[in-house]
Structure formats: structure tokens, C-alpha cells
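Trainee: Encoded as C-alpha cells, here's the structure I'll be asking about.
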Amino acid sequence: MALPQTPSFRLDGRRAFVPGGSRGIGLACAAALAQAGAHVVVAARGDDGVRTAVAELTAAGLSAEGMAMDVGDLAALDDFLADQAPFDILCNSAGLARHGPAIETTPEDFDAVARLNLRGAYFLAQRVARGMTGGGSIMQISSQMGHVGGVDRAVYCATKWGVEGMTRAMAIEWGPRNIRVNTICPTFIRTPLTEATFADPERRAWIDANIKLPRVGEVEDVMGAVLFLASDASAMVTGTSLLIDGGWTAG
Ligand SMILES: NC(=O)c1ccc[n+]([C@@H]2O[C@H](COP(=O)([O-])OP(=O)(O)OC[C@H]3O[C@@H](n4cnc5c(N)ncnc54)[C@H](OP(=O)(O)O)[C@@H]3O)[C@@H](O)[C@H]2O)c1
């Protein structure tokens with residue numbers, strides 16, 4: 001009898017859209033997808049960041065292009081998608097944090113974070129899923145803060161818990177179309193977004209006390225999860241979260 005074969009982790013011939021792919025976790029996601037053979041389209045607001053990311057990817061022999069855009073701007077997103085062939089993969093890493101005590105949150109801060117992290121993530125998934133006529137994989141870079149609470153993070157947690165909820169509902173709705181929808185939930189990863197948090201000794205002590213493994217996260221820690229969830233290796237995985245939290249939520 002033939003041995004069962006491990007499904008392929010390769011992504012040759014597939015097209016991946018990576019909002020937030022110009023730096024940090026998103027750039028690592030874009031690299032992981034492209035290194036597995038996908039053609040990757042990165043998007044971010046900053047033109048320079050997009051250009052640099054695409055230059056780094058293509059210099060490494062990978063297939064990539066980029067677009068400077070605000071993915072929270074639905075009209076701009078629709079214009080962009082109208083010019084693109086459908087995507088097989090969406091890995092949304094565009095995100096924003098404005099941390100502070102809940103007692104002091106302004107409506108402006110709430111709206112800015114919710115506009116990108118929740119509303120933006122929702123309509124990105126919706127718009128890209130519309131083109132996925134042959135199935136696909138949608139991944140939202142959520143957070144461990146979509147599973148627990150955190151100091152000064154009421155707004156951020158509200159948006160990430162929202163992403164967790166909508167992901168499950170979308171997975172139920174789109175499962176019959178073979179579109180898989182999942183979240184990736186990192187702990188604190190060293191990126192431009194977390195520089196200020198890591199620089200604060202009190203916050204750093206909080207992080208070190210909660211991550212069970214003996215270090216903080218690096219962007220490379222997210223890359224295997226992205227590859228798994230994008231590829232046929234996870235063909236039966238939908239409506240769930242892959243926590244990359246170093247044991248934070250274990251207790
Ligand atoms: N770092 C962590 O510890 C950590 C942990 C858990 C979850 N996360 C989540 O992971 C995601 C990425 O975080 P990161 O640490 O990699 O952040 P980052 O280094 O600040 O990168 C954010 C990316 O999103 C882009 N972006 C921001 N606003 C955008 C908009 N309106 N339209 C299009 N692109 C936009 C940024 O480029 P422009 O500024 O040029 O637009 C950049 O490419 C976020 O959703 C974050 O919540 C991060």
C-alpha cells in the first residue's frame with residue numbers, strides 16, 4: 001500500500017495579496033509566501049516602504065509587486081482590485097495600535113484603530129473573497145490580544161476580538177466555496193509597532209513574565225504559520241486561530 005504523502009507546502013502559480021507587507025510582520029509574511037513560489041502583491045500607505053519591500057523581494061529572486069494605498073479606503077481598494085487578477089491568498093497584516101488607559105480613550109483614537117484593524121480587515125476579506133471563485137485562503141494577522149486582555153489595550157483588544165469573531169462567521173459562510181478563513185495570533189514580536197512597548201521597562205517586565213519561552217517573538221516566528229495556513233498542508237483548517245504566543249495564553 002502506498003504511504004500517505006504530506007500535502008504540499010508549495011504555492012507555485014498562486015497569487016497572494018499582503019496588505020501591510022512593507023515592513024514588520026507583513027514583510028515577513030510576504031517573504032514566506034514568495035519563497036514558497038507565490039506571486040506576492042504588497043500594499044501599504046508609504047510609497048517608499050512599498051518600493052523598498054518590493055526591491056528586497058525581487059532582489060532575492062522572488063516574484064513581487066507593490067501598490068501604495070490606504071487599505072481602509074474602500075474606493076481605493078476597489079479600484080486596485082478591479083485592475084488585479086483574482087487572488088488565491090490574502091494575508092492581511094495592515095494594523096494600527098494606539099495604546100492607553102480605557103478611561104482616557106478618545107473617540108478619535110477608537111475610530112482610527114477600528115477603521116483599519118476591524119472595518120478594514122472586514123472589507124478586505126469580503127472584497128478579496130468575492131474574486132476567489134476557485135477557493136482560497138484568507139489569513140488575518142490578529143493577535144494574542146484577540147484572546148486575552150492587556151494593559152492599556154482596550155481599543156486594540158476590541159478590534160482583535162472582533163477580527164476573531166468575524167473570521168469564524170466568514171469561515172462558516174464561505175466554507176462551501178472552499179475559502180478558508182483563519183487568524184494568526186502573535187505575541188509581542190519585535191517590529192516598528194512594538195518599539196515603544198519594548199523600550200518601556202515596566203511593559204518589558206510584563207512581557208517577559210507572560211511569555212513562557214525564554215525570549216520575545218521575532219518576525220521569523222510567524223512565517224511558518226503563514227506558509228501552513230496558505231498552503232494545501234492546512235486544507236481542512238478553517239475558522240480557527242493559530243496562536244504564536246510563546247505560551248502567553250496557556251495561563
Ligand atoms: N508586532 C507585534 O508584536 C504584533 C503582535 C500581535 C499582532 N500584531 C499585528 O500584526 C500586524 C502587523 O504589525 P507590525 O508589528 O508588523 O506593524 P508595523 O511594523 O507597524 O507594520 C504595519 C504595516 O501596515 C501598514 N499600514 C498601516 N496602516 C495602513 C493602511 N491604512 N493601509 C495600508 N497599509 C497600512 C504599514 O505601512 P504604512 O505605515 O506605510 O501604511 C506597515 O506596512 C498588525 O495588525 C498588528 O496588530 C503585531
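Residues in the C-alpha cells are numbered from 1 in each chain, the chains being A, B, ... in the order shown, and ligands are numbered from 1 in the order shown.
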Please, which residues have at least one atom within 8 Å of an atom of ligand 1, using only C-alpha atoms and all ligand atoms, listed as JSON, numbers by chain?
Mentor: {"A": [19, 20, 21, 22, 23, 24, 25, 26, 27, 43, 44, 45, 46, 47, 48, 49, 50, 68, 69, 70, 71, 72, 73, 92, 93, 94, 95, 96, 97, 116, 117, 120, 140, 141, 142, 143, 144, 145, 156, 160, 185, 186, 187, 188, 189, 190, 191, 192, 193, 194, 217, 219]}
Trainee: So that I can check the surroundings of A:Met170, please list as an mmCIF file with N, CA and C atoms, in the first residue's frame every protein, DNA and RNA residue that reaches within 9 Å of it, counting only C-alpha atoms and ignoring chain neighbours fewer than 2 positions away.
Mentor:
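File written: out.cif
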data_model
loop_
_atom_site.group_PDB
_atom_site.id
_atom_site.type_symbol
_atom_site.label_atom_id
_atom_site.label_comp_id
_atom_site.auth_asym_id
_atom_site.auth_seq_id
_atom_site.Cartn_x
_atom_site.Cartn_y
_atom_site.Cartn_z
ATOM 1 N N ALA A 125 -11.296 41.229 3.522
ATOM 2 C CA ALA A 125 -11.681 39.822 3.380
ATOM 3 C C ALA A 125 -12.863 39.693 2.420
ATOM 4 N N GLN A 126 -13.861 40.551 2.600
ATOM 5 C CA GLN A 126 -15.052 40.488 1.738
ATOM 6 C C GLN A 126 -14.699 40.696 0.270
ATOM 7 N N GLY A 165 -14.029 37.080 15.845
ATOM 8 C CA GLY A 165 -15.439 36.733 15.647
ATOM 9 C C GLY A 165 -15.829 36.710 14.187
ATOM 10 N N MET A 166 -15.419 37.729 13.454
ATOM 11 C CA MET A 166 -15.839 37.789 12.044
ATOM 12 C C MET A 166 -15.180 36.674 11.249
ATOM 13 N N THR A 167 -13.978 36.284 11.658
ATOM 14 C CA THR A 167 -13.272 35.208 10.954
ATOM 15 C C THR A 167 -14.064 33.903 11.049
ATOM 16 N N ARG A 168 -14.587 33.623 12.221
ATOM 17 C CA ARG A 168 -15.368 32.398 12.383
ATOM 18 C C ARG A 168 -16.658 32.461 11.557
ATOM 19 N N ILE A 172 -17.701 30.027 8.258
ATOM 20 C CA ILE A 172 -18.951 29.264 8.130
ATOM 21 C C ILE A 172 -19.613 29.571 6.785
ATOM 22 N N GLU A 173 -19.666 30.873 6.456
ATOM 23 C CA GLU A 173 -20.363 31.288 5.231
ATOM 24 C C GLU A 173 -19.633 30.852 3.969
ATOM 25 N N TRP A 174 -18.310 30.922 3.981
ATOM 26 C CA TRP A 174 -17.548 30.703 2.754
ATOM 27 C C TRP A 174 -16.961 29.291 2.648
ATOM 28 N N GLY A 175 -17.149 28.474 3.679
ATOM 29 C CA GLY A 175 -16.647 27.100 3.632
ATOM 30 C C GLY A 175 -17.123 26.333 2.404
ATOM 31 N N ARG A 180 -11.003 29.216 2.900
ATOM 32 C CA ARG A 180 -10.666 29.016 4.303
ATOM 33 C C ARG A 180 -10.307 30.369 4.928
ATOM 34 N N VAL A 181 -10.773 30.595 6.136
ATOM 35 C CA VAL A 181 -10.558 31.883 6.807
ATOM 36 C C VAL A 181 -10.038 31.622 8.216
ATOM 37 N N GLY A 239 -11.714 28.678 10.149
ATOM 38 C CA GLY A 239 -12.484 29.218 11.273
ATOM 39 C C GLY A 239 -11.764 29.106 12.599
#
Trainee: Identify all residues of stretch 9-183 of chain A in alpha helix (DSSP H) (DSSP on the backbone) and supply them as a PyMOL selection string.
Mentor: chain A and resi 24-35+47-59+74-82+107-114+121-131+154-174
Trainee: Skip stretch 131-135 of chain A itself and residues of its chain fewer than 5 positions away, then list as a PDB file with C-alpha atoms, in the first residue's frame all residues within 10 Å of it, counting only C-alpha atoms.
Mentor:
ATOM      1  CA  LEU A  81      -8.757  45.094  -7.060  1.00  0.00           C
ATOM      2  CA  ALA A  82     -10.529  45.913 -10.334  1.00  0.00           C
ATOM      3  CA  GLN A  84      -5.797  42.882 -10.468  1.00  0.00           C
ATOM      4  CA  ALA A  85      -6.385  39.231 -11.366  1.00  0.00           C
ATOM      5  CA  PRO A  86      -8.153  37.394  -8.517  1.00  0.00           C
ATOM      6  CA  PHE A  87      -6.059  36.386  -5.522  1.00  0.00           C
ATOM      7  CA  ASP A  88      -5.757  32.858  -4.114  1.00  0.00           C
ATOM      8  CA  ILE A  89      -4.361  34.103  -0.813  1.00  0.00           C
ATOM      9  CA  GLN A 126     -15.052  40.488   1.738  1.00  0.00           C
ATOM     10  CA  TRP A 174     -17.548  30.703   2.754  1.00  0.00           C
ATOM     11  CA  GLY A 175     -16.647  27.100   3.632  1.00  0.00           C
ATOM     12  CA  PRO A 176     -18.896  25.687   0.884  1.00  0.00           C
ATOM     13  CA  ARG A 177     -16.870  27.764  -1.626  1.00  0.00           C
ATOM     14  CA  ASN A 178     -13.653  26.203  -0.274  1.00  0.00           C
ATOM     15  CA  ILE A 179     -12.451  29.552   1.028  1.00  0.00           C
ATOM     16  CA  ARG A 180     -10.666  29.016   4.303  1.00  0.00           C
TER      17      ARG A 180
END
Trainee: Between A:Val128, A:Ala28, A:Ile211, A:Val151, which one has atoms that come closest to A:Thr197, using only C-alpha atoms?
Mentor: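 Checking each of A:Val128, A:Ala28, A:Ile211, A:Val151 against A:Thr197, counting only C-alpha atoms, the winner is A:Val151.
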Trainee: Could you check how far atom CA of A:Val41 sits from atom CA of A:Phe17, in Å to one decimal?
Mentor: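 Atom CA of A:Phe17 lies 4.9 Å from atom CA of A:Val41.
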Trainee: Using only C-alpha atoms, which of the listed residues (A:Ala169, A:Cys91, A:Ala199, A:Ala30) sits closest to A:Glu56?
Mentor: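 The shortest atom-to-atom distance to A:Glu56 comes from A:Ala30.
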Trainee: So which one's closest to A:Val237, A:Ala36, A:Ala60, A:Leu77, A:Ile138? Using only C-alpha atoms, please.
Mentor: A:Ile138
Trainee: Which of stretch 109-159 of chain A counts as strand (DSSP E or B) under DSSP, as a list in words please?
Mentor: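 Written out, the strand (DSSP E or B) residues of stretch 109-159 of chain A are Gly136, Ser137, Ile138, Met139, Gln140, Ile141 and Arg153 of chain A.
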Trainee: Selection from above, all heavy atoms, as a CSV table (one decimal), in the first residue's frame, can you write it?
Mentor:
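Dumped everything to result.csv:
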chain,number,residue,atom,x,y,z
A,136,GLY,N,-9.8,29.5,-1.8
A,136,GLY,CA,-8.6,30.3,-1.4
A,136,GLY,C,-8.4,30.3,0.1
A,136,GLY,O,-9.1,29.6,0.8
A,137,SER,N,-7.4,31.0,0.5
A,137,SER,CA,-7.0,31.1,2.0
A,137,SER,C,-6.9,32.5,2.4
A,137,SER,O,-6.1,33.3,1.8
A,137,SER,CB,-5.7,30.3,2.2
A,137,SER,OG,-5.3,30.6,3.6
A,138,ILE,N,-7.7,32.9,3.4
A,138,ILE,CA,-7.7,34.2,3.9
A,138,ILE,C,-7.1,34.1,5.4
A,138,ILE,O,-7.6,33.3,6.2
A,138,ILE,CB,-9.1,34.8,4.0
A,138,ILE,CG1,-9.5,35.1,2.5
A,138,ILE,CG2,-9.1,36.1,4.8
A,138,ILE,CD1,-11.0,35.6,2.4
A,139,MET,N,-6.1,34.9,5.6
A,139,MET,CA,-5.4,35.0,6.9
A,139,MET,C,-5.4,36.4,7.4
A,139,MET,O,-5.0,37.3,6.7
A,139,MET,CB,-4.0,34.5,6.9
A,139,MET,CG,-3.8,33.0,6.5
A,139,MET,SD,-2.2,32.7,6.0
A,139,MET,CE,-2.2,33.2,4.3
A,140,GLN,N,-5.9,36.6,8.6
A,140,GLN,CA,-5.9,37.9,9.3
A,140,GLN,C,-4.8,37.8,10.3
A,140,GLN,O,-4.8,36.9,11.2
A,140,GLN,CB,-7.2,38.2,10.0
A,140,GLN,CG,-8.4,38.3,9.1
A,140,GLN,CD,-8.5,39.6,8.3
A,140,GLN,OE1,-7.6,40.5,8.3
A,140,GLN,NE2,-9.6,39.8,7.6
A,141,ILE,N,-3.8,38.8,10.3
A,141,ILE,CA,-2.9,38.8,11.4
A,141,ILE,C,-3.6,39.5,12.5
A,141,ILE,O,-3.7,40.7,12.5
A,141,ILE,CB,-1.6,39.6,11.0
A,141,ILE,CG1,-0.9,39.0,9.8
A,141,ILE,CG2,-0.6,39.5,12.2
A,141,ILE,CD1,-0.5,37.5,9.9
A,153,ARG,N,-4.8,48.3,26.6
A,153,ARG,CA,-5.1,47.8,25.2
A,153,ARG,C,-6.6,47.5,25.0
A,153,ARG,O,-7.0,46.7,24.2
A,153,ARG,CB,-4.3,46.5,25.0
A,153,ARG,CG,-2.9,46.8,24.6
A,153,ARG,CD,-1.9,45.7,24.8
A,153,ARG,NE,-0.6,46.0,24.2
A,153,ARG,CZ,0.2,46.8,24.8
A,153,ARG,NH1,0.0,47.4,25.9
A,153,ARG,NH2,1.4,47.1,24.2
Trainee: Taking only C-alpha atoms into account, which of A:Val54, A:Leu62, A:Leu124, A:Leu74 comes nearest A:Ala34?
Mentor: A:Leu62
Trainee: If we count only C-alpha atoms and set the cut-off at 12 Å, which residues sit around A:Thr6, ignoring sequence neighbours fewer than 5 positions away in its own chain? Please answer as a list of chain:residue names.
Mentor: A:Phe228, A:Ser231, A:Asp232, A:Ala233, A:Ser234, A:Ala235
Trainee: Keeping only C-alpha atoms, write those residues as a CSV table (one decimal), in the first residue's frame.
Mentor:
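result23.csv was written with the following content:
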chain,number,residue,atom,x,y,z
A,228,PHE,CA,1.0,26.4,6.7
A,231,SER,CA,-0.9,26.0,1.6
A,232,ASP,CA,-2.7,22.7,1.0
A,233,ALA,CA,-1.0,21.5,4.2
A,234,SER,CA,-3.9,23.1,6.0
A,235,ALA,CA,-6.6,22.2,3.5
Trainee: Can you work out the spacing between atom CA of A:Glu65 and atom CA of A:Arg10 in Å, to one decimal?
Mentor: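 Going from atom CA of A:Glu65 over to atom CA of A:Arg10, I get 19.5 Å.
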Trainee: Restricting the calculation to only C-alpha atoms: of A:Arg14, A:Leu33, A:Thr58, A:Arg98, which residue gets closest to A:Ala196?
Mentor: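 Using only C-alpha atoms, the shortest distance to A:Ala196 belongs to A:Arg98.
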Trainee: Which is closest to A:Leu118 among A:Ala209, A:Leu3, A:Ala158, A:Phe80, if we use only C-alpha atoms?
Mentor: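 With only C-alpha atoms as the atom set, the closest residue is A:Ala158.
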Trainee: Which residues are close to A:Ser241, i.e. within 7 Å by only C-alpha atoms, leaving aside same-chain residues fewer than 4 positions away? Reply as a list in words.
Mentor: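 Near neighbours after the sequence-gap exclusion: Asn182, Thr183, Ile184 and Cys185 of chain A.
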